[in-house]
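Below is the file work_36.pdb, which contains PDB, C-alpha atoms and all ligand atoms.
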MODEL        1
ATOM      1  CA  MET A   8      77.413 -86.290-108.116
ATOM      2  CA  GLN A   9      80.039 -87.452-105.652
ATOM      3  CA  ASN A  10      80.427 -84.483-103.357
ATOM      4  CA  PHE A  11      82.409 -84.552-100.114
ATOM      5  CA  LEU A  12      80.429 -82.214 -97.895
ATOM      6  CA  SER A  13      80.386 -83.847 -94.455
ATOM      7  CA  ALA A  14      80.678 -87.156 -92.566
ATOM      8  CA  ASN A  15      77.253 -88.023 -93.958
ATOM      9  CA  ASP A  16      78.815 -88.638 -97.390
ATOM     10  CA  ILE A  17      80.974 -91.467 -96.023
ATOM     11  CA  ASP A  18      79.686 -94.995 -95.329
ATOM     12  CA  ASP A  19      82.373 -95.958 -92.844
ATOM     13  CA  ILE A  20      84.600 -93.165 -91.527
ATOM     14  CA  GLU A  21      86.939 -95.605 -89.757
ATOM     15  CA  VAL A  22      87.675 -97.355 -93.075
ATOM     16  CA  LEU A  23      88.397 -93.993 -94.708
ATOM     17  CA  ALA A  24      90.704 -92.997 -91.812
ATOM     18  CA  LYS A  25      92.614 -96.270 -92.364
ATOM     19  CA  GLU A  26      92.957 -95.386 -96.054
ATOM     20  CA  VAL A  27      94.460 -92.030 -95.027
ATOM     21  CA  LEU A  28      97.197 -93.789 -93.031
ATOM     22  CA  GLU A  29      97.780 -96.313 -95.834
ATOM     23  CA  ILE A  30      98.236 -93.494 -98.375
ATOM     24  CA  LYS A  31     100.706 -91.816 -96.009
ATOM     25  CA  LYS A  32     102.992 -94.896 -96.198
ATOM     26  CA  SER A  33     103.204 -94.805 -99.991
ATOM     27  CA  PRO A  34     101.523 -91.749-101.546
ATOM     28  CA  PHE A  35     102.854 -91.676-105.114
ATOM     29  CA  GLN A  36     101.449 -94.836-106.697
ATOM     30  CA  TRP A  37      98.347 -93.284-108.289
ATOM     31  CA  LYS A  38      99.977 -90.636-110.509
ATOM     32  CA  HIS A  39      97.896 -91.684-113.516
ATOM     33  CA  LEU A  40      94.563 -91.477-111.749
ATOM     34  CA  GLY A  41      94.346 -87.695-112.092
ATOM     35  CA  GLU A  42      96.259 -87.285-115.351
ATOM     36  CA  ASN A  43      94.838 -84.462-117.519
ATOM     37  CA  LYS A  44      92.321 -83.631-114.799
ATOM     38  CA  THR A  45      92.096 -80.280-113.058
ATOM     39  CA  LEU A  46      91.104 -79.362-109.521
ATOM     40  CA  VAL A  47      90.046 -75.732-109.084
ATOM     41  CA  LEU A  48      90.370 -74.561-105.482
ATOM     42  CA  ILE A  49      88.159 -71.595-104.626
ATOM     43  CA  PHE A  50      88.816 -69.588-101.476
ATOM     44  CA  LEU A  51      86.417 -67.007-100.127
ATOM     45  CA  ASN A  52      88.494 -66.836 -96.931
ATOM     46  CA  SER A  53      92.072 -67.161 -95.701
ATOM     47  CA  SER A  54      93.802 -70.521 -95.676
ATOM     48  CA  LEU A  55      97.268 -71.949 -95.119
ATOM     49  CA  ARG A  56      97.054 -75.709 -94.426
ATOM     50  CA  THR A  57      93.961 -76.362 -96.522
ATOM     51  CA  ARG A  58      95.362 -74.420 -99.469
ATOM     52  CA  LEU A  59      98.723 -76.206 -99.476
ATOM     53  CA  SER A  60      97.691 -79.717 -98.437
ATOM     54  CA  THR A  61      94.740 -79.988-100.835
ATOM     55  CA  GLN A  62      96.831 -78.807-103.803
ATOM     56  CA  LYS A  63      99.650 -81.139-102.894
ATOM     57  CA  ALA A  64      97.239 -84.045-102.470
ATOM     58  CA  ALA A  65      95.779 -83.441-105.935
ATOM     59  CA  GLN A  66      99.273 -83.176-107.434
ATOM     60  CA  ASN A  67     100.286 -86.461-105.762
ATOM     61  CA  LEU A  68      97.437 -87.991-107.783
ATOM     62  CA  GLY A  69      98.696 -86.400-111.016
ATOM     63  CA  MET A  70      96.079 -83.626-111.198
ATOM     64  CA  ASN A  71      96.614 -80.024-112.263
ATOM     65  CA  THR A  72      95.554 -77.437-109.725
ATOM     66  CA  ILE A  73      94.333 -73.853-110.067
ATOM     67  CA  VAL A  74      93.770 -71.619-107.050
ATOM     68  CA  LEU A  75      91.240 -68.808-107.161
ATOM     69  CA  ASN A  76      90.809 -66.300-104.336
ATOM     70  CA  LEU A  77      87.268 -65.360-105.208
ATOM     71  CA  GLY A  78      86.386 -61.701-104.933
ATOM     72  CA  GLN A  79      90.049 -60.742-104.604
ATOM     73  CA  ASP A  80      91.453 -62.029-107.900
ATOM     74  CA  SER A  81      88.062 -62.226-109.606
ATOM     75  CA  TRP A  82      84.723 -60.423-109.726
ATOM     76  CA  ASN A  83      82.559 -60.178-106.621
ATOM     77  CA  MET A  84      79.999 -62.963-106.824
ATOM     78  CA  GLU A  85      76.257 -62.536-106.333
ATOM     79  CA  TYR A  86      74.582 -65.554-104.676
ATOM     80  CA  GLN A  87      70.950 -64.391-104.341
ATOM     81  CA  GLU A  88      68.455 -65.580-106.914
ATOM     82  CA  ASN A  89      66.619 -62.828-108.819
ATOM     83  CA  ALA A  90      69.067 -60.199-107.560
ATOM     84  CA  ILE A  91      69.076 -56.772-109.214
ATOM     85  CA  MET A  92      72.813 -56.436-109.565
ATOM     86  CA  ASN A  93      73.211 -52.687-109.282
ATOM     87  CA  GLY A  94      75.512 -52.898-106.248
ATOM     88  CA  THR A  95      78.999 -54.285-105.569
ATOM     89  CA  THR A  96      78.565 -57.733-107.127
ATOM     90  CA  ALA A  97      79.491 -58.026-110.814
ATOM     91  CA  GLU A  98      78.968 -61.709-111.591
ATOM     92  CA  HIS A  99      76.145 -64.070-110.638
ATOM     93  CA  ILE A 100      76.836 -67.540-109.247
ATOM     94  CA  LYS A 101      74.752 -68.947-112.138
ATOM     95  CA  GLU A 102      77.361 -67.916-114.709
ATOM     96  CA  GLY A 103      80.340 -67.883-112.345
ATOM     97  CA  ALA A 104      79.961 -71.453-111.102
ATOM     98  CA  ALA A 105      78.947 -72.755-114.526
ATOM     99  CA  VAL A 106      82.024 -71.180-116.135
ATOM    100  CA  ILE A 107      84.406 -72.485-113.468
ATOM    101  CA  SER A 108      83.109 -75.999-114.016
ATOM    102  CA  GLN A 109      83.913 -75.678-117.750
ATOM    103  CA  TYR A 110      87.593 -75.689-116.750
ATOM    104  CA  ALA A 111      87.403 -78.081-113.803
ATOM    105  CA  ASP A 112      86.992 -81.812-113.297
ATOM    106  CA  MET A 113      86.581 -81.217-109.573
ATOM    107  CA  ILE A 114      86.040 -78.097-107.477
ATOM    108  CA  ALA A 115      87.047 -77.460-103.869
ATOM    109  CA  LEU A 116      85.474 -74.586-101.954
ATOM    110  CA  ARG A 117      86.118 -72.672 -98.728
ATOM    111  CA  SER A 118      83.296 -70.454 -97.583
ATOM    112  CA  PHE A 119      83.022 -69.356 -93.929
ATOM    113  CA  PRO A 120      79.698 -68.472 -92.286
ATOM    114  CA  SER A 121      78.381 -64.922 -92.081
ATOM    115  CA  LEU A 122      77.894 -65.414 -88.298
ATOM    116  CA  THR A 123      75.020 -62.945 -88.629
ATOM    117  CA  ASP A 124      72.387 -64.984 -90.502
ATOM    118  CA  LYS A 125      71.964 -68.265 -88.619
ATOM    119  CA  VAL A 126      69.324 -69.681 -90.936
ATOM    120  CA  SER A 127      71.290 -69.036 -94.121
ATOM    121  CA  ASP A 128      74.539 -70.310 -92.529
ATOM    122  CA  TYR A 129      72.969 -73.516 -91.174
ATOM    123  CA  GLN A 130      71.226 -74.168 -94.507
ATOM    124  CA  GLU A 131      74.683 -73.904 -96.095
ATOM    125  CA  PHE A 132      73.370 -71.355 -98.563
ATOM    126  CA  VAL A 133      76.662 -70.457-100.306
ATOM    127  CA  ILE A 134      78.056 -73.969-100.822
ATOM    128  CA  ASN A 135      74.614 -75.137-101.972
ATOM    129  CA  GLN A 136      74.449 -72.326-104.525
ATOM    130  CA  PHE A 137      77.763 -73.580-105.934
ATOM    131  CA  ILE A 138      76.506 -77.175-105.997
ATOM    132  CA  LYS A 139      73.376 -76.044-107.806
ATOM    133  CA  TYR A 140      75.291 -74.434-110.673
ATOM    134  CA  ILE A 141      78.377 -76.626-111.155
ATOM    135  CA  ASN A 142      78.388 -80.002-112.886
ATOM    136  CA  VAL A 143      81.512 -81.568-111.349
ATOM    137  CA  PRO A 144      82.125 -83.032-107.843
ATOM    138  CA  LEU A 145      82.700 -80.594-104.993
ATOM    139  CA  VAL A 146      85.019 -80.975-102.008
ATOM    140  CA  ASN A 147      84.214 -78.928 -98.921
ATOM    141  CA  MET A 148      87.323 -77.087 -97.644
ATOM    142  CA  GLU A 149      85.330 -75.611 -94.685
ATOM    143  CA  SER A 150      81.833 -74.336 -95.162
ATOM    144  CA  ALA A 151      79.532 -72.413 -92.837
ATOM    145  CA  THR A 152      78.888 -75.363 -90.508
ATOM    146  CA  VAL A 153      81.554 -78.058 -91.058
ATOM    147  CA  HIS A 154      85.199 -78.746 -91.980
ATOM    148  CA  PRO A 155      85.223 -82.424 -93.021
ATOM    149  CA  LEU A 156      88.798 -82.593 -94.408
ATOM    150  CA  GLN A 157      89.974 -81.400 -90.991
ATOM    151  CA  SER A 158      87.817 -83.926 -89.137
ATOM    152  CA  LEU A 159      88.961 -86.831 -91.311
ATOM    153  CA  THR A 160      92.547 -85.768 -90.560
ATOM    154  CA  ASP A 161      91.691 -85.615 -86.858
ATOM    155  CA  LEU A 162      90.268 -89.123 -86.790
ATOM    156  CA  ALA A 163      93.262 -90.524 -88.715
ATOM    157  CA  THR A 164      95.646 -88.698 -86.347
ATOM    158  CA  ILE A 165      93.852 -90.096 -83.283
ATOM    159  CA  ARG A 166      94.162 -93.607 -84.742
ATOM    160  CA  GLU A 167      97.831 -93.000 -85.561
ATOM    161  CA  PHE A 168      98.720 -91.831 -82.039
ATOM    162  CA  SER A 169      96.339 -93.916 -79.936
ATOM    163  CA  THR A 170      97.639 -96.842 -77.946
ATOM    164  CA  LYS A 171      94.051 -97.850 -77.115
ATOM    165  CA  LYS A 172      91.243 -99.184 -79.261
ATOM    166  CA  ARG A 173      88.738 -96.842 -77.661
ATOM    167  CA  PRO A 174      90.476 -93.683 -76.391
ATOM    168  CA  LYS A 175      88.811 -90.937 -74.339
ATOM    169  CA  VAL A 176      88.590 -87.877 -76.574
ATOM    170  CA  VAL A 177      87.623 -84.465 -75.166
ATOM    171  CA  LEU A 178      86.625 -81.480 -77.287
ATOM    172  CA  THR A 179      87.199 -78.379 -75.185
ATOM    173  CA  TRP A 180      86.084 -74.834 -75.877
ATOM    174  CA  ALA A 181      88.955 -72.364 -75.459
ATOM    175  CA  PRO A 182      89.037 -68.561 -75.253
ATOM    176  CA  HIS A 183      89.558 -66.209 -78.194
ATOM    177  CA  ILE A 184      89.311 -62.495 -78.850
ATOM    178  CA  ARG A 185      87.316 -62.796 -82.100
ATOM    179  CA  ALA A 186      84.045 -64.478 -82.971
ATOM    180  CA  LEU A 187      84.984 -67.662 -84.850
ATOM    181  CA  PRO A 188      82.826 -70.176 -86.757
ATOM    182  CA  GLN A 189      81.434 -73.304 -85.079
ATOM    183  CA  ALA A 190      82.461 -75.332 -88.149
ATOM    184  CA  VAL A 191      85.588 -77.085 -86.863
ATOM    185  CA  ALA A 192      83.927 -78.005 -83.556
ATOM    186  CA  ASN A 193      80.628 -79.068 -85.185
ATOM    187  CA  SER A 194      82.484 -81.235 -87.627
ATOM    188  CA  PHE A 195      84.801 -82.786 -85.026
ATOM    189  CA  ALA A 196      81.762 -83.665 -82.896
ATOM    190  CA  GLN A 197      79.938 -85.154 -85.879
ATOM    191  CA  TRP A 198      82.906 -87.395 -86.747
ATOM    192  CA  MET A 199      83.684 -88.397 -83.148
ATOM    193  CA  ASN A 200      80.044 -89.346 -82.584
ATOM    194  CA  LYS A 201      80.383 -91.807 -85.471
ATOM    195  CA  ALA A 202      83.856 -93.037 -84.436
ATOM    196  CA  ASP A 203      84.782 -95.817 -82.028
ATOM    197  CA  VAL A 204      85.900 -93.474 -79.201
ATOM    198  CA  ASP A 205      84.564 -92.235 -75.835
ATOM    199  CA  PHE A 206      83.700 -88.679 -76.721
ATOM    200  CA  PHE A 207      82.988 -85.756 -74.371
ATOM    201  CA  ILE A 208      82.523 -82.028 -74.909
ATOM    202  CA  THR A 209      83.328 -79.328 -72.372
ATOM    203  CA  ASN A 210      82.218 -75.748 -72.945
ATOM    204  CA  PRO A 211      80.847 -72.830 -70.906
ATOM    205  CA  GLU A 212      77.113 -72.234 -70.745
ATOM    206  CA  GLY A 213      75.776 -70.493 -73.845
ATOM    207  CA  TYR A 214      78.303 -72.234 -76.108
ATOM    208  CA  ASP A 215      76.511 -75.558 -76.673
ATOM    209  CA  LEU A 216      76.873 -76.652 -80.278
ATOM    210  CA  ALA A 217      73.827 -77.299 -82.467
ATOM    211  CA  GLU A 218      72.163 -80.585 -81.563
ATOM    212  CA  GLU A 219      72.481 -81.912 -85.123
ATOM    213  CA  PHE A 220      76.265 -81.982 -84.599
ATOM    214  CA  ARG A 221      76.809 -82.601 -80.884
ATOM    215  CA  GLY A 222      74.317 -85.480 -80.910
ATOM    216  CA  ASN A 223      74.250 -87.334 -77.604
ATOM    217  CA  ALA A 224      77.816 -86.462 -76.589
ATOM    218  CA  PRO A 225      77.867 -85.571 -72.869
ATOM    219  CA  ILE A 226      78.527 -81.874 -72.222
ATOM    220  CA  ILE A 227      80.587 -81.384 -69.080
ATOM    221  CA  ARG A 228      80.522 -77.854 -67.670
ATOM    222  CA  ASP A 229      83.583 -78.289 -65.438
ATOM    223  CA  GLN A 230      86.588 -78.291 -67.765
ATOM    224  CA  THR A 231      88.988 -79.821 -65.230
ATOM    225  CA  GLU A 232      86.514 -82.639 -64.571
ATOM    226  CA  ALA A 233      86.290 -83.341 -68.312
ATOM    227  CA  PHE A 234      90.086 -83.508 -68.661
ATOM    228  CA  LYS A 235      90.487 -86.324 -66.103
ATOM    229  CA  GLY A 236      91.755 -89.487 -67.767
ATOM    230  CA  ALA A 237      91.563 -88.030 -71.296
ATOM    231  CA  ASP A 238      93.786 -89.548 -73.994
ATOM    232  CA  PHE A 239      93.248 -86.697 -76.470
ATOM    233  CA  ILE A 240      92.477 -83.034 -75.767
ATOM    234  CA  TYR A 241      91.092 -81.270 -78.836
ATOM    235  CA  ALA A 242      90.959 -77.511 -78.251
ATOM    236  CA  LYS A 243      88.994 -75.026 -80.329
ATOM    237  CA  ASN A 244      87.261 -71.725 -79.823
ATOM    238  CA  TRP A 245      83.842 -71.125 -81.326
ATOM    239  CA  SER A 246      81.316 -68.333 -81.045
ATOM    240  CA  SER A 247      77.871 -68.945 -79.584
ATOM    241  CA  TYR A 248      75.336 -70.928 -81.610
ATOM    242  CA  GLU A 249      72.409 -69.986 -79.347
ATOM    243  CA  ASP A 250      73.179 -66.242 -79.279
ATOM    244  CA  TYR A 251      74.348 -66.618 -82.832
ATOM    245  CA  GLY A 252      77.884 -65.505 -83.672
ATOM    246  CA  LYS A 253      78.419 -63.712 -80.359
ATOM    247  CA  ILE A 254      81.258 -63.846 -77.851
ATOM    248  CA  LEU A 255      79.297 -64.076 -74.616
ATOM    249  CA  LYS A 256      82.156 -63.604 -72.232
ATOM    250  CA  SER A 257      85.822 -64.023 -73.067
ATOM    251  CA  ASP A 258      86.512 -66.411 -70.248
ATOM    252  CA  PHE A 259      90.285 -66.658 -70.264
ATOM    253  CA  ASP A 260      90.157 -69.203 -67.423
ATOM    254  CA  TRP A 261      89.366 -71.735 -70.133
ATOM    255  CA  MET A 262      92.862 -71.503 -71.697
ATOM    256  CA  ILE A 263      94.561 -74.926 -71.927
ATOM    257  CA  ASN A 264      97.672 -74.984 -69.726
ATOM    258  CA  GLU A 265     100.147 -77.482 -68.235
ATOM    259  CA  GLU A 266      98.168 -77.764 -64.990
ATOM    260  CA  LYS A 267      95.058 -78.892 -66.820
ATOM    261  CA  MET A 268      96.999 -81.252 -69.096
ATOM    262  CA  ALA A 269      98.468 -82.859 -65.939
ATOM    263  CA  LEU A 270      94.945 -84.091 -65.069
ATOM    264  CA  THR A 271      94.796 -86.191 -68.238
ATOM    265  CA  ASN A 272      96.169 -89.628 -69.075
ATOM    266  CA  SER A 273      99.276 -87.980 -70.640
ATOM    267  CA  ALA A 274      96.880 -86.807 -73.336
ATOM    268  CA  LYS A 275      97.992 -85.674 -76.750
ATOM    269  CA  PHE A 276      97.073 -82.046 -77.456
ATOM    270  CA  MET A 277      95.367 -81.344 -80.790
ATOM    271  CA  HIS A 278      94.243 -78.155 -82.564
ATOM    272  CA  CYS A 279      93.385 -77.533 -86.214
ATOM    273  CA  LEU A 280      95.581 -74.380 -86.345
ATOM    274  CA  PRO A 281      96.020 -71.462 -86.649
ATOM    275  CA  VAL A 282      96.190 -71.128 -82.878
ATOM    276  CA  ARG A 283      96.721 -68.029 -80.765
ATOM    277  CA  ARG A 284      99.447 -68.757 -78.254
ATOM    278  CA  ASN A 285      98.734 -67.938 -74.619
ATOM    279  CA  VAL A 286      95.089 -67.190 -75.429
ATOM    280  CA  VAL A 287      93.810 -70.604 -76.553
ATOM    281  CA  VAL A 288      96.735 -72.638 -75.208
ATOM    282  CA  SER A 289      99.903 -71.880 -73.240
ATOM    283  CA  ASP A 290     103.370 -71.987 -74.813
ATOM    284  CA  GLY A 291     104.198 -74.740 -72.315
ATOM    285  CA  VAL A 292     101.575 -77.114 -73.743
ATOM    286  CA  LEU A 293     102.100 -76.213 -77.391
ATOM    287  CA  ASP A 294     105.892 -76.648 -77.108
ATOM    288  CA  SER A 295     105.677 -79.888 -75.113
ATOM    289  CA  PRO A 296     106.039 -83.376 -76.624
ATOM    290  CA  GLN A 297     102.343 -83.915 -75.809
ATOM    291  CA  SER A 298     101.392 -81.490 -78.569
ATOM    292  CA  ILE A 299     100.875 -83.216 -81.935
ATOM    293  CA  VAL A 300      99.544 -80.185 -83.840
ATOM    294  CA  ILE A 301     102.324 -80.266 -86.459
ATOM    295  CA  GLN A 302     101.918 -83.994 -87.160
ATOM    296  CA  GLN A 303      98.144 -83.385 -87.273
ATOM    297  CA  ALA A 304      98.599 -80.610 -89.858
ATOM    298  CA  GLY A 305     100.936 -82.886 -91.843
ATOM    299  CA  ASN A 306      98.165 -85.472 -92.085
ATOM    300  CA  ARG A 307      95.924 -82.958 -93.872
ATOM    301  CA  GLU A 308      97.716 -83.907 -97.101
ATOM    302  CA  TRP A 309      96.899 -87.629 -96.811
ATOM    303  CA  ALA A 310      93.304 -86.980 -95.776
ATOM    304  CA  ALA A 311      92.737 -84.729 -98.788
ATOM    305  CA  GLN A 312      94.421 -87.325-101.002
ATOM    306  CA  ALA A 313      92.158 -90.109 -99.687
ATOM    307  CA  VAL A 314      89.053 -88.053-100.472
ATOM    308  CA  ILE A 315      90.160 -86.851-103.928
ATOM    309  CA  LYS A 316      91.346 -90.361-104.804
ATOM    310  CA  ARG A 317      87.960 -91.850-103.900
ATOM    311  CA  ILE A 318      86.159 -89.254-106.029
ATOM    312  CA  LEU A 319      88.486 -89.928-109.001
ATOM    313  CA  GLU A 320      87.807 -93.644-108.596
ATOM    314  CA  GLY A 321      84.073 -92.987-108.403
ATOM    315  CA  ARG A 322      83.724 -94.692-105.023
ATOM    316  CA  LEU A 323      83.115 -91.954-102.461
TER     317      LEU A 323
HETATM  318  C1  LIG A 401      88.990 -70.562 -88.696
HETATM  319  C2  LIG A 401      87.863 -71.186 -87.883
HETATM  320  O1  LIG A 401      86.944 -71.772 -88.480
HETATM  321  O2  LIG A 401      87.904 -71.101 -86.654
HETATM  322  C3  LIG A 401      89.720 -71.592 -89.541
HETATM  323  C4  LIG A 401      90.191 -72.808 -88.835
HETATM  324  C5  LIG A 401      90.762 -73.845 -89.738
HETATM  325  N1  LIG A 401      89.952 -69.929 -87.807
HETATM  326  C6  LIG A 401      90.112 -68.609 -87.749
HETATM  327  O3  LIG A 401      89.449 -67.884 -88.437
HETATM  328  C7  LIG A 401      91.174 -68.064 -86.789
HETATM  329  C8  LIG A 401      91.399 -66.605 -86.988
HETATM  330  C9  LIG A 401      92.086 -65.899 -85.843
HETATM  331  O4  LIG A 401      91.993 -64.681 -85.835
HETATM  332  O5  LIG A 401      92.711 -66.490 -84.965
ENDMDL
END

Could you spell out this file's structure in structure tokens?
Amino acid sequence: MQNFLSANDIDDIEVLAKEVLEIKKSPFQWKHLGENKTLVLIFLNSSLRTRLSTQKAAQNLGMNTIVLNLGQDSWNMEYQENAIMNGTTAEHIKEGAAVISQYADMIALRSFPSLTDKVSDYQEFVINQFIKYINVPLVNMESATVHPLQSLTDLATIREFSTKKRPKVVLTWAPHIRALPQAVANSFAQWMNKADVDFFITNPEGYDLAEEFRGNAPIIRDQTEAFKGADFIYAKNWSSYEDYGKILKSDFDWMINEEKMALTNSAKFMHCLPVRRNVVVSDGVLDSPQSIVIQQAGNREWAAQAVIKRILEGRL
């Protein structure tokens, strides 16, 4: 089955990023590819960009789309095998997933981590339970550990805005008031490690990402040092992986501001959104011409279209 779960499902991510930018130039020439086919989008969590861009991408390819907010519009799903279902869950994933795939030619799923059970989250328990019981391809719209549609968009956006062949790209941890998943940061690191860029990570102690995602990327403890000469600043908060799901110390000194951006090589500022103003990043940076967050979000549509198109063509 051709699932799009992470960078590991793609032979050459740079080629796919090029396809994203090609599709952007002329997106409506494959209307017949998805004719009479249906994409069911399942959300276990909130979504704005992913919800809209993935539907629009599928529609650009001629597909029908159905959106299901699981547990809100439908029955609460049970994921554990051999569960005695005398509690709050009314439908087991065995029937639920099998039934959904009766109506779908492709399924897209968003399922955030629990942030309490590290083993289950990092084994991708929920998305794997879906994969086990569906019989159509699955597109990951952010799972417990990764957000590949976002990362593909990020790589394409870097290529679109870069004046250099090999730009310096810095992933920086930023403050937040809530414990957020590591997925966006994990995924960005995984893609950047495979891309033709000079990639660095800066985060406070205790916030190192899992080795399987950060790879050999240098971790620089001094944020201002990391920013020097950067061509792209990619900001994101994440909760601790080591002390799993915890906020160790809300260090608001790590907010991205104009002073820090001035240390860079006129870097472009990127964030996956939603972003909390004046917590993660100052108004001054977000409202400056250096910020490309809106263009980045716009590219979500073409990235989703590139992935869905490849699956429809059977060449993911
Ligand atoms: C999610 C995350 O993984 O960090 C989705 C990002 C695409 N972000 C949030 O949950 C932000 C919520 C908040 O309260 O700011």

Atom-to-atom span, atom CA of Leu12 of chain A and atom CA of Ala190 of chain A, Å
12.1 Å

Give me the residues within 8 Å of segment 124-139 of chain A as a PyMOL selection string, counting all atoms listed in the file and dropping any in the same chain fewer than 3 places off.
chain A and resi 86+100+104+116+118+120-121+142+145+150-152+251

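Separating atom CA of Ser257 of chain A from atom CA of Val292 of chain A is a distance of 20.5 Å.
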
Using all atoms listed in the file, which of the listed residues (A:Thr57, A:Leu51, A:Glu308, A:Ile318) sits closest to Ser81 of chain A?
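The closest residue to Ser81 of chain A is A:Leu51.
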
Could you put an axis-aligned box around every listed atom of ligand LIG 401 (chain A), padded by 6 Å on each side, and send me its centre and edge lengths in Å to one decimal, as AutoDock Vina command-line options?
--center_x 89.8 --center_y -69.3 --center_z -87.4 --size_x 17.8 --size_y 21.2 --size_z 16.8

Residues of chain A within 9 Å of ligand LIG 401 (chain A): nearest atom pair and distance (Å, one decimal) for each, counting all atoms listed in the file, sorted by chain and number, as a Markdown table?
| residue | atom | partner | partner_atom | distance |
| --- | --- | --- | --- | --- |
| A:Asn52 | CA | A:LIG401 | O3 | 8.6 |
| A:Ser53 | CA | A:LIG401 | O3 | 7.8 |
| A:Ser54 | CA | A:LIG401 | C3 | 7.4 |
| A:Leu55 | CA | A:LIG401 | C5 | 8.7 |
| A:Arg56 | CA | A:LIG401 | C5 | 8.1 |
| A:Thr57 | CA | A:LIG401 | C5 | 7.9 |
| A:Phe119 | CA | A:LIG401 | O1 | 7.1 |
| A:Pro120 | CA | A:LIG401 | O1 | 8.8 |
| A:Glu149 | CA | A:LIG401 | O1 | 7.5 |
| A:Ser150 | CA | A:LIG401 | O1 | 8.8 |
| A:Ala151 | CA | A:LIG401 | O1 | 8.6 |
| A:Val153 | CA | A:LIG401 | O1 | 8.7 |
| A:His154 | CA | A:LIG401 | C5 | 7.7 |
| A:Gln157 | CA | A:LIG401 | C5 | 7.7 |
| A:His183 | CA | A:LIG401 | O5 | 7.5 |
| A:Ile184 | CA | A:LIG401 | O4 | 7.8 |
| A:Arg185 | CA | A:LIG401 | O4 | 6.3 |
| A:Ala186 | CA | A:LIG401 | O3 | 8.4 |
| A:Leu187 | CA | A:LIG401 | O2 | 4.9 |
| A:Pro188 | CA | A:LIG401 | O1 | 4.7 |
| A:Gln189 | CA | A:LIG401 | O1 | 6.7 |
| A:Ala190 | CA | A:LIG401 | O1 | 5.7 |
| A:Val191 | CA | A:LIG401 | O1 | 5.7 |
| A:Ala192 | CA | A:LIG401 | O1 | 8.5 |
| A:Lys243 | CA | A:LIG401 | O2 | 7.5 |
| A:Asn244 | CA | A:LIG401 | O2 | 6.9 |
| A:Trp245 | CA | A:LIG401 | O2 | 6.7 |
| A:Cys279 | CA | A:LIG401 | C5 | 5.7 |
| A:Leu280 | CA | A:LIG401 | C5 | 5.9 |
| A:Pro281 | CA | A:LIG401 | C7 | 5.9 |
| A:Val282 | CA | A:LIG401 | O5 | 6.2 |
| A:Arg283 | CA | A:LIG401 | O5 | 6.0 |

Next, the residues of the selection above should be written as a compact mmCIF listing (two decimals), in the frame of the given file with C-alpha atoms.
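Output saved as result_12.txt:
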# COMPACT_ATOMS: atom_id res chain seq x y z
CA ASN A 52 88.49 -66.84 -96.93
CA SER A 53 92.07 -67.16 -95.70
CA SER A 54 93.80 -70.52 -95.68
CA LEU A 55 97.27 -71.95 -95.12
CA ARG A 56 97.05 -75.71 -94.43
CA THR A 57 93.96 -76.36 -96.52
CA PHE A 119 83.02 -69.36 -93.93
CA PRO A 120 79.70 -68.47 -92.29
CA GLU A 149 85.33 -75.61 -94.68
CA SER A 150 81.83 -74.34 -95.16
CA ALA A 151 79.53 -72.41 -92.84
CA VAL A 153 81.55 -78.06 -91.06
CA HIS A 154 85.20 -78.75 -91.98
CA GLN A 157 89.97 -81.40 -90.99
CA HIS A 183 89.56 -66.21 -78.19
CA ILE A 184 89.31 -62.50 -78.85
CA ARG A 185 87.32 -62.80 -82.10
CA ALA A 186 84.04 -64.48 -82.97
CA LEU A 187 84.98 -67.66 -84.85
CA PRO A 188 82.83 -70.18 -86.76
CA GLN A 189 81.43 -73.30 -85.08
CA ALA A 190 82.46 -75.33 -88.15
CA VAL A 191 85.59 -77.08 -86.86
CA ALA A 192 83.93 -78.00 -83.56
CA LYS A 243 88.99 -75.03 -80.33
CA ASN A 244 87.26 -71.72 -79.82
CA TRP A 245 83.84 -71.12 -81.33
CA CYS A 279 93.38 -77.53 -86.21
CA LEU A 280 95.58 -74.38 -86.34
CA PRO A 281 96.02 -71.46 -86.65
CA VAL A 282 96.19 -71.13 -82.88
CA ARG A 283 96.72 -68.03 -80.76

For Lys25 of chain A, please output as an NGL selection string all residues within 9 Å (counting only C-alpha atoms; exclusion window: fewer than 5 positions along the same chain).
:A and (20 or 30 or 163 or 166)

Which value, in Å to one decimal, gives the distance between atom CA of Tyr214 of chain A and atom CA of Phe276 of chain A?
21.2 Å

Pick out the closest residue to Leu323 of chain A from this set: A:Ile114, A:Pro144, A:Leu159, A:Asp258. Count only C-alpha atoms.
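Ranked by minimum distance to Leu323 of chain A, first place goes to A:Pro144.
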
Got a sec to check which residues sit within 8 Å of (85.0, -96.8, -77.0), counting only C-alpha atoms, and write them as a list in words?
Lys172, Arg173, Pro174, Lys175, Asp203, Val204 and Asp205 of chain A

Which residue is closest to Ile301 of chain A? Choose from A:Met277, A:Leu28, A:Ile73, A:Ile107 and count only C-alpha atoms.
A:Met277

Which polymer residues have any atom within 12 Å of an atom of segment 195-200 of chain A, counting all atoms listed in the file, with same-chain residues fewer than 6 positions away left out, as a PyMOL selection string?
chain A and resi 13-21+23-24+152-163+165-166+173-179+189+206-209+215-226+239+241-243+277-279

So which residues touch Met113 of chain A within 8 Å, counting all atoms listed in the file, skipping near sequence neighbours fewer than 6 positions away, as JSON, numbers by chain?
{"A": [45, 46, 47, 143, 144, 145, 146]}
